[in-house]
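Here the structure is laid out as structure tokens; the discussion comes afterwards.
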There are 2 protein chains.
Amino acid sequence: MVTPYRVRQLQMREEAILDVAHVLLGKYGYDAMTMDDVAAEVGIAKASLYKHFVSKEKLAARTMVRLFDRTVAQLAALPANKSAFEKLRDMLEWALRERLKGGIPHLPSTSSTLEQSLMTDEPYLASLLSLNAALSLLVDEAKNDNAISAELPTDYVVTAIYARTCDPTLEYMQRGRTYSDDEIVRFMLDGFFVGIVVRS
Amino acid sequence: MVTPYRVRQLQMREEAILDVAHVLLGKYGYDAMTMDDVAAEVGIAKASLYKHFVSKEKLAARTMVRLFDRTVAQLAALPANKSAFEKLRDMLEWALRERLKGGIPHLPSTSSTLEQSLMTDEPYLASLLSLNAALSLLVDEAKNDNAISAELPTDYVVTAIYARTCDPTLEYMQRGRTYSDDEIVRFMLDGFFVGIVVRS
DNA sequence: GTCTATAGTCTGATAGAC
DNA sequence: GTCTATCAGACTATAGAC
């Protein structure tokens with residue numbers, strides 16, 4: 001059976017809303033983004049916006065879920081012959097480049113109000129958990145390969161990876177216009193994986 | 001000449017206000033902290049609060065300035081015989097422990113509105129600049145000692161140090177209650193300076 | 001359009017320094 | 001006793017969720 005025209009229209013509009021929310025959340029953060037902004041940018045009435053998302057919090061949660069799902073998909077798309085360590089590096093690089101393009105970070109670190117509401121959002125938690133599981137597996141695998149230090153707990157490493165995607169260093173460097181995106185990504189990746197000390 | 005009683009009272013109250021703002025900013029962040037909260041916590045009328053600080057933005061800026069000044073003082077108090085690298089490590093450790101005690105981070109990463117207003121606040125910029133200068137010197141010195149990789153630009157390293165003080169990893173680990181404060185600090189310091197890869 | 005939250009102001013009463 | 005700072009809290013204005 002063919003999907004009715006009306007339904008497809010709704011789905012497309014929902015995607016459009018999420019696209020706009022993604023950009024605006026990345027640009028202004030949760031608190032500074034207004035629902036008026038979103039509606040205006042999508043080009044729909046505010047009431048229509050609320051037909052799709054019952055609250056600002058739900059809109060943000062759904063945007064995050066879409067990001068997590070995309071991240072999991074990205075992870076699954078990596079060449080199978082790469083090592084766990086290489087996969088982790090590739091994933092972080094992908095996330096950083098998404099950020100440089102204006103995407104939202106993987107942690108709601110910019111708003112404690114948002115964080116609170118996300119913690120009670122079932123779809124969000126489920127999506128987060130599945131990404132967590134995938135990343136934890138990779139980190140453990142990299143530890144087994146003796147690529148990542150076993151002295152750091154896995155949950156610390158996973159959290160630190162998330163945190164890199166909302167590291168303000170990225171924006172400061174980008175704002176400074178001194179370095180290219182490629183350089184910034186290299187600094188951040190090396191800084192995270194290899195540290196800043198001189199290797200002996 | 002003795003400082004008049006009235007003046008000393010005013011100074012003490014100003015300190016008390018800044019103490020409260022420091023705690024509340026650390027706890028809730030700029031946007032979620034209200035001036036009513038501050039006044040109530042200090043135990044004064046809101047009007048009196050505005051006698052000291054003409055706006056919420058100025059109050060936050062002054063709180064940040066005090067933090068920077070304390071940081072510079074902390075830096076100056078380090079034993080002179082320590083290497084630049086050790087000093088940087090000690091400074092970051094001090095900042096992380098302050099954070100764990102509920103202090104505010106060194107970057108206004110939690111609020112873009114605050115960040116905007118700080119960028120036009122002269123005393124804030126002056127104080128930030130002086131801390132920047134001190135840290136940049138240390139990083140360059142550590143590079144000369146071959147302790148910090150010369151491949152990473154100094155401004156990247158300095159920004160990354162600031163960013164570590166507002167790294168959400170800290171709060172996530174603290175909230176998890178799995179690790180002691182000492183462990184968390186060790187993970188963060190090792191993660192930052194040494195990285196997460198296995199040393200060969 | 002409605003309602004809430006909150007920054008910032010104003011007033012009349014009060015307490016305490018001198 | 002006078003005076004000034006402070007108090008409690010009402011009030012305005014505005015932004016923004018819904």
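Here, A, B, ... name the chains of the structure tokens in the order displayed, residue numbers run from 1 inside each chain, and ligands are numbered from 1 in the same displayed order.
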For the interface of chain C with stretch 7-12 of chain D (cut-off 8 Å, counting only C-alpha atoms (C1' of nucleotides)), please tabulate each contacting residue of chain C alongside its nearest pair of atoms and their separation in Å to one decimal, rows sorted by chain and increasing number, as a tab-separated table.
residue	atom	partner	partner_atom	distance
C:DT9	C1'	D:DT12	C1'	7.7
C:DC10	C1'	D:DC11	C1'	7.6
C:DT14	C1'	D:DC7	C1'	7.6
DSSP-assigned helix (DSSP H, G or I) members of chain A, reported as a VMD selection string: chain A and resid 5 to 28 35 to 42 46 to 52 56 to 76 84 to 100 112 to 118 122 to 144 154 to 164 168 to 176 181 to 193
Atom CA of B:Glu86 to atom CA of B:Asp145, straight-line distance in Å: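 Atom-to-atom, atom CA of B:Asp145 to atom CA of B:Glu86, that is 11.3 Å.
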Contact set, chain D to chain A: 9 Å, only C-alpha atoms (C1' of nucleotides), as a ChimeraX atom specification: /D:16-18
Separation of atom CA of B:Tyr162 from atom CA of B:Leu92 in Å: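 Those two atoms sit 8.5 Å apart.
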Chain C contacts to chain B at 12 Å (only C-alpha atoms (C1' of nucleotides)) as a list in words: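 Interface list for chain C against chain B: DA5, DT6, DA7, DG8, DT9, DC10, DT11, DG16, DA17 and DC18 of chain C.
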